[in-house]
Amino acid sequence: MRKFTTIAASTLSSAVLLGGASAWAEDLTLCWAAWDPANALVELSKEYEAQSGNTMHFEFVPWPNFADRMLNELNSGGKLCDLLIGDSQWIGGGAENGHYVKLNDFFDANSISMDDFAPATVYAYSTWPKGTPNYYALPAMGDANGWFYRKDWFERDDIKAAYKEATGQDLREPQSQKELLQIAQFFQGRDIDGQTRYGAAIFTERGSEGITMGATGALYAWGFKYENTPGEYDMAGAVNSPEAVEALEFYKEFYKTATPPGYTDSYMEQGLDAFKSGQVAMAMNWFAFFPGLYQDPDVGGDKIGFFVNPPQNVAASTLGGQGISVVSYSEHQDAALDYIKWFAQPDVQAKWWSLGGYSCHNSVLNDPGFKDSQPFAADFLEAMGGVQDFWQEPVYAELLLAMQKRLHDYVVADVGTAQEALDLLIEDWTETFEDEGKL
Amino acid sequence: MARRIRGLSDRAIAWIFVAPTIFLLLAVNIFPLIWTIRLSFTDFKANRNREVEWIGLQNYQRILTDSDIWITMQATAHFLFWTIFFQVLIGFTLAWLINRKFKGNDLWTTIIVLPMMLSPAVVGNFWTFLYQPQIGLFNYVVAFFSGVDPSSFEMIGSVKLAPWAIVIVDTWMWTPFVMLICLAGLRSIPDYIYEAAAIDRASKWRQFWTITIPMVLPFLMLAVLFRGIENFKMFDLVVQLTGGGPGSTTELTSINLKREAFEKWRTGYASAYAIILFVTVFGLASIYVKALNKVKER
């Protein structure tokens, strides 16, 4: 009888264990922006599906609507996303409003250490309050705003000679913001191979975050700061410093003298289109697009070169990129955490980089072969060493829209001066922080 | 039970039929309106978990003293006035021409009404291409007639031209609507009135001003009312076309309101803003409807 009981118990437990895989199998939905790295993630996640038995679904939203769509989803307590690769600026709101699951206990239980990830990415994508060991995301996609250019044009003797004649300098990858503008102005309206070309495609978009992400590339390079003392919200003298005014005037001059006609509302896609169609000699855009650009049959390969946002007073780049979070309204939180656990593994991170995603894992970034693994890899490392991000406050959207308005008014619509635009921006931000009880 | 139902009065039966509609109306219109009024006196933010404070008229005061809001109001007024002006002018002219009996009359009517059958988002999108300074057809057409360089002007990017760019597109899209209403008005005028006027030797010009215009006027005013209300809350077309830019040049009140409510998440503030807009439209429309009724009575 005892033997029978033992056999029966063993059979039962085996059945339970065998059936366990299918019983645990869950449908997970990962939400992100619709862009090149998202396709790489779909490819990467096939391995996870095979290993875990879980099925991955993806909800990718085009960038111009990404924030609107996803923040609405979070604010309404929506259950669409189990995992969200949300923008770095959302971390404050995600944490304070209870949208994201705090991951500290999970990291401890699964031996996931934030020391294994690049410090700048942990700070920017994972922590709230900033810099504290409170983690609401795993660094998933490192990114910064960089530049690419028509290397084939830069290397042509006739163009080099013309540049030398016009400026007295050699045509090269720009070493400063002012040299960047000089080169862009040189190409502006120039006839190359029978077509009129223009200087550069920069961000001027009004609706979401475009012009802010573009102009901060210049502002940070001039030494722009949001506060005099971090955490004090004392903006006067920092946001509207003489350096900031000069940088903003520079960005306006860039827009007015070195961009194609009609570039009044352009962001990532428009910039890529301008470059791929051979309209511009240079363009700013996120590193995330660089693998795809390098592969482009018309302008990629030997024809393209990459460089970090040039310094002026300091070396600095605008931060992009995102961390991956578990949405607190998800009904599949365990499976979502399981995905993060899988994603954090060094070999998965290595494959992520090889597929076109920008890993933030030290094992990938510190690999001796990393810098030579792609023509833009060294620039990426350099850029990530000097990234600066926009406010990450829970009211970031309000702060961002105010900046969008003030910058677009000044740069594109010719309203007022740079000094006035930044003074008004301080007024807007002060009102917001007063409403929040932080001032 | 059957006797009781049989014993229901006409009024009770009427209530039974009307009650679901009234309930629905209360649930989806009246309740949200009252709730919005309530929120407009608070600092509520729909994306924040914090205590809501009653702040009285502070939101209203802020809105009415905010110079940026007045700039959007001016942009809306410019858009409203000129779209209605052009649509009435062109719409009536087209209706008057179409009302003449000629070969291909029906075909032309169909062609003319095509733009209003399109989605505003689609229209907004393809006009951005038409306005593109380097490849846009609009710029080339203007260049062909004026001799200027097509890429020398930016309809969407220029602060001076952008307000007119949205007026042109809205006029292109909605003039057919005004035309159809005017056509209905013109066709409702009995021929015998013109015949009697002709017998009295009234000139065509006099017939136009003393018969056509007065009899079409109620229809025309109705068209203005519809277009006025529609354009006061214009959103999709302009968002697709200019996104409110350059700067805030074409940021109409509805675009500004949407940013406050669903991008900045200042729910209390946006509620007050919505109430101000509602009162404005409701007040203006009421005055206008009274005027319309007076015209009809004449």
# chains A, B, ... in the order shown; residues from 1 in each chain; ligands from 1
$ closest_atom_pairs --of "segment 14-91 of chain A" --to "segment 395-399 of chain A" --cutoff "12 Å" --atoms "only C-alpha atoms" --output "tab-separated table"
residue	atom	partner	partner_atom	distance
A:Ala67	CA	A:Ala397	CA	9.0
A:Asp68	CA	A:Ala397	CA	9.8
A:Leu71	CA	A:Ala397	CA	9.8
A:Asp87	CA	A:Tyr396	CA	11.0
A:Ser88	CA	A:Tyr396	CA	10.4
A:Gln89	CA	A:Tyr396	CA	6.5
A:Trp90	CA	A:Tyr396	CA	7.3
A:Ile91	CA	A:Tyr396	CA	9.6
$ residues_around --residues "segment 132-139 of chain B" --least-positions-apart "5" --cutoff "9 Å" --atoms "only C-alpha atoms" --output "list in words"
Pro260, Pro261 and Gly262 of chain A; Trp127, Phe144, Asp149, Pro150, Ser151, Ser152, Phe153, Glu154, Met155 and Ile156 of chain B
$ closest_atom_pairs --of "chain B" --to "chain A" --cutoff "10 Å" --atoms "only C-alpha atoms" --output "JSON lines"
{"residue": "B:Asp43", "atom": "CA", "partner": "A:Asp435", "partner_atom": "CA", "distance": 8.4}
{"residue": "B:Ala46", "atom": "CA", "partner": "A:Asn75", "partner_atom": "CA", "distance": 7.2}
{"residue": "B:Asn47", "atom": "CA", "partner": "A:Asn75", "partner_atom": "CA", "distance": 5.2}
{"residue": "B:Arg48", "atom": "CA", "partner": "A:Asn97", "partner_atom": "CA", "distance": 5.9}
{"residue": "B:Asn49", "atom": "CA", "partner": "A:Asn97", "partner_atom": "CA", "distance": 5.9}
{"residue": "B:Arg50", "atom": "CA", "partner": "A:Asn97", "partner_atom": "CA", "distance": 9.0}
{"residue": "B:Tyr131", "atom": "CA", "partner": "A:Gly262", "partner_atom": "CA", "distance": 8.9}
{"residue": "B:Gln132", "atom": "CA", "partner": "A:Gly262", "partner_atom": "CA", "distance": 6.4}
{"residue": "B:Pro133", "atom": "CA", "partner": "A:Gly262", "partner_atom": "CA", "distance": 5.8}
{"residue": "B:Gln134", "atom": "CA", "partner": "A:Pro261", "partner_atom": "CA", "distance": 7.0}
{"residue": "B:Ser151", "atom": "CA", "partner": "A:Pro261", "partner_atom": "CA", "distance": 6.6}
{"residue": "B:Ser152", "atom": "CA", "partner": "A:Pro261", "partner_atom": "CA", "distance": 8.0}
{"residue": "B:Phe153", "atom": "CA", "partner": "A:Pro261", "partner_atom": "CA", "distance": 8.4}
{"residue": "B:Glu154", "atom": "CA", "partner": "A:Gly262", "partner_atom": "CA", "distance": 6.1}
{"residue": "B:Met155", "atom": "CA", "partner": "A:Gly262", "partner_atom": "CA", "distance": 8.7}
{"residue": "B:Ile156", "atom": "CA", "partner": "A:Gly262", "partner_atom": "CA", "distance": 7.7}
{"residue": "B:Gly157", "atom": "CA", "partner": "A:Thr264", "partner_atom": "CA", "distance": 5.2}
{"residue": "B:Ser158", "atom": "CA", "partner": "A:Ala413", "partner_atom": "CA", "distance": 7.2}
{"residue": "B:Val159", "atom": "CA", "partner": "A:Ala413", "partner_atom": "CA", "distance": 5.7}
{"residue": "B:Lys160", "atom": "CA", "partner": "A:Ala413", "partner_atom": "CA", "distance": 9.3}
{"residue": "B:Val239", "atom": "CA", "partner": "A:Gly207", "partner_atom": "CA", "distance": 8.8}
{"residue": "B:Thr242", "atom": "CA", "partner": "A:Asp265", "partner_atom": "CA", "distance": 8.0}
{"residue": "B:Gly243", "atom": "CA", "partner": "A:Gly207", "partner_atom": "CA", "distance": 6.0}
{"residue": "B:Gly244", "atom": "CA", "partner": "A:Gly207", "partner_atom": "CA", "distance": 7.9}
{"residue": "B:Gly245", "atom": "CA", "partner": "A:Arg206", "partner_atom": "CA", "distance": 6.7}
{"residue": "B:Pro246", "atom": "CA", "partner": "A:Ala413", "partner_atom": "CA", "distance": 5.3}
{"residue": "B:Gly247", "atom": "CA", "partner": "A:Asp409", "partner_atom": "CA", "distance": 3.8}
{"residue": "B:Ser248", "atom": "CA", "partner": "A:Asp409", "partner_atom": "CA", "distance": 6.5}
{"residue": "B:Thr249", "atom": "CA", "partner": "A:Ala413", "partner_atom": "CA", "distance": 7.6}
{"residue": "B:Arg259", "atom": "CA", "partner": "A:Leu401", "partner_atom": "CA", "distance": 8.2}
{"residue": "B:Glu260", "atom": "CA", "partner": "A:Glu398", "partner_atom": "CA", "distance": 8.3}
{"residue": "B:Phe262", "atom": "CA", "partner": "A:Asp68", "partner_atom": "CA", "distance": 7.7}
{"residue": "B:Glu263", "atom": "CA", "partner": "A:Ala397", "partner_atom": "CA", "distance": 6.4}
{"residue": "B:Lys264", "atom": "CA", "partner": "A:Glu398", "partner_atom": "CA", "distance": 4.4}
{"residue": "B:Trp265", "atom": "CA", "partner": "A:Glu398", "partner_atom": "CA", "distance": 7.6}
{"residue": "B:Arg266", "atom": "CA", "partner": "A:Glu398", "partner_atom": "CA", "distance": 8.4}
$ closest_residue --among "A:Gly86, A:Ala144, A:Asp116, A:Tyr233" --to "Thr430 of chain A" --atoms "only C-alpha atoms"
A:Tyr233
$ select_by_dssp --residues "segment 195-259 of chain A" --states "strand (DSSP E)" --output "ChimeraX atom specification"
/A:195-201
$ write_last_selection --atoms "C-alpha atoms" --output "CSV table (one decimal), in the first residue's frame"
chain,number,residue,atom,x,y,z
A,195,GLN,CA,21.8,68.7,-57.1
A,196,THR,CA,21.4,71.4,-54.5
A,197,ARG,CA,22.5,70.2,-51.0
A,198,TYR,CA,22.0,71.7,-47.6
A,199,GLY,CA,24.0,71.8,-44.4
A,200,ALA,CA,22.4,69.7,-41.8
A,201,ALA,CA,19.1,68.3,-40.6
$ residues_around --residues "Phe275 of chain A" --least-positions-apart "4" --cutoff "9 Å" --atoms "only C-alpha atoms" --output "list in words"
Phe148, Tyr149, Arg150, Ala200, Ala201, Gln270, Gly271, Gln279, Val280, Ala281, Met282, Ala283 and Val299 of chain A
$ residues_around --residues "Ile63 of chain B" --least-positions-apart "6" --cutoff "10 Å" --atoms "only C-alpha atoms" --output "list in words"
Ile69, Trp70, Tyr269, Ala270, Ala272, Tyr273 and Ile276 of chain B
$ write_last_selection --atoms "N, CA and C atoms" --output "PDB file, in the first residue's frame"
ATOM      1  N   ILE B  69      -2.767  82.602 -23.594  1.00  0.00           N
ATOM      2  CA  ILE B  69      -4.128  82.135 -23.909  1.00  0.00           C
ATOM      3  C   ILE B  69      -4.799  83.130 -24.858  1.00  0.00           C
ATOM      4  N   TRP B  70      -4.570  84.413 -24.611  1.00  0.00           N
ATOM      5  CA  TRP B  70      -5.182  85.415 -25.487  1.00  0.00           C
ATOM      6  C   TRP B  70      -4.607  85.357 -26.886  1.00  0.00           C
ATOM      7  N   TYR B 269      -7.224  73.066 -14.251  1.00  0.00           N
ATOM      8  CA  TYR B 269      -6.999  74.240 -15.094  1.00  0.00           C
ATOM      9  C   TYR B 269      -7.689  74.047 -16.449  1.00  0.00           C
ATOM     10  N   ALA B 270      -7.503  72.873 -17.029  1.00  0.00           N
ATOM     11  CA  ALA B 270      -8.099  72.597 -18.333  1.00  0.00           C
ATOM     12  C   ALA B 270      -9.627  72.580 -18.253  1.00  0.00           C
ATOM     13  N   ALA B 272     -11.448  74.458 -16.268  1.00  0.00           N
ATOM     14  CA  ALA B 272     -11.858  75.863 -16.268  1.00  0.00           C
ATOM     15  C   ALA B 272     -11.772  76.441 -17.681  1.00  0.00           C
ATOM     16  N   TYR B 273     -10.724  76.061 -18.374  1.00  0.00           N
ATOM     17  CA  TYR B 273     -10.514  76.514 -19.752  1.00  0.00           C
ATOM     18  C   TYR B 273     -11.687  76.039 -20.626  1.00  0.00           C
ATOM     19  N   ILE B 276     -14.850  77.990 -19.943  1.00  0.00           N
ATOM     20  CA  ILE B 276     -14.810  79.321 -20.568  1.00  0.00           C
ATOM     21  C   ILE B 276     -15.138  79.214 -22.062  1.00  0.00           C
TER      22      ILE B 276
END
$ closest_residue --among "B:Ala75, B:Ala223, B:Ser286, B:Glu297" --to "Asn256 of chain B" --atoms "only C-alpha atoms"
B:Ala75
$ residues_around --residues "segment 58-62 of chain A" --least-positions-apart "4" --cutoff "6 Å" --atoms "only C-alpha atoms" --output "list in words"
Thr29, Leu30, Cys31, Trp32, Ala33, Ala34 and Phe66 of chain A
$ residues_around --residues "Ile229 of chain B" --least-positions-apart "5" --cutoff "10 Å" --atoms "only C-alpha atoms" --output "NGL selection string"
:B and (80 or 224 or 234 or 281-282 or 284-285)
$ write_last_selection --atoms "N, CA and C atoms" --output "PDB file, in the first residue's frame"
ATOM      1  N   LEU B  80     -11.334  81.631 -37.573  1.00  0.00           N
ATOM      2  CA  LEU B  80     -12.797  81.566 -37.645  1.00  0.00           C
ATOM      3  C   LEU B  80     -13.336  82.588 -38.645  1.00  0.00           C
ATOM      4  N   VAL B 224     -23.284  79.332 -41.717  1.00  0.00           N
ATOM      5  CA  VAL B 224     -22.304  80.070 -40.911  1.00  0.00           C
ATOM      6  C   VAL B 224     -22.299  79.532 -39.482  1.00  0.00           C
ATOM      7  N   MET B 234     -11.987  73.474 -33.936  1.00  0.00           N
ATOM      8  CA  MET B 234     -11.092  72.842 -34.910  1.00  0.00           C
ATOM      9  C   MET B 234      -9.845  72.272 -34.228  1.00  0.00           C
ATOM     10  N   VAL B 281     -18.888  79.775 -26.691  1.00  0.00           N
ATOM     11  CA  VAL B 281     -19.585  79.220 -27.863  1.00  0.00           C
ATOM     12  C   VAL B 281     -21.087  79.235 -27.632  1.00  0.00           C
ATOM     13  N   PHE B 282     -21.496  78.812 -26.451  1.00  0.00           N
ATOM     14  CA  PHE B 282     -22.930  78.724 -26.141  1.00  0.00           C
ATOM     15  C   PHE B 282     -23.561  80.119 -26.200  1.00  0.00           C
ATOM     16  N   LEU B 284     -22.422  82.892 -27.788  1.00  0.00           N
ATOM     17  CA  LEU B 284     -22.428  83.428 -29.153  1.00  0.00           C
ATOM     18  C   LEU B 284     -23.468  82.716 -30.016  1.00  0.00           C
ATOM     19  N   ALA B 285     -23.551  81.389 -29.865  1.00  0.00           N
ATOM     20  CA  ALA B 285     -24.499  80.615 -30.669  1.00  0.00           C
ATOM     21  C   ALA B 285     -25.940  81.000 -30.322  1.00  0.00           C
TER      22      ALA B 285
END
$ closest_residue --among "A:Ala140, A:Leu83, A:Ala118, A:Leu248" --to "Ala421 of chain A" --atoms "only C-alpha atoms"
A:Leu248
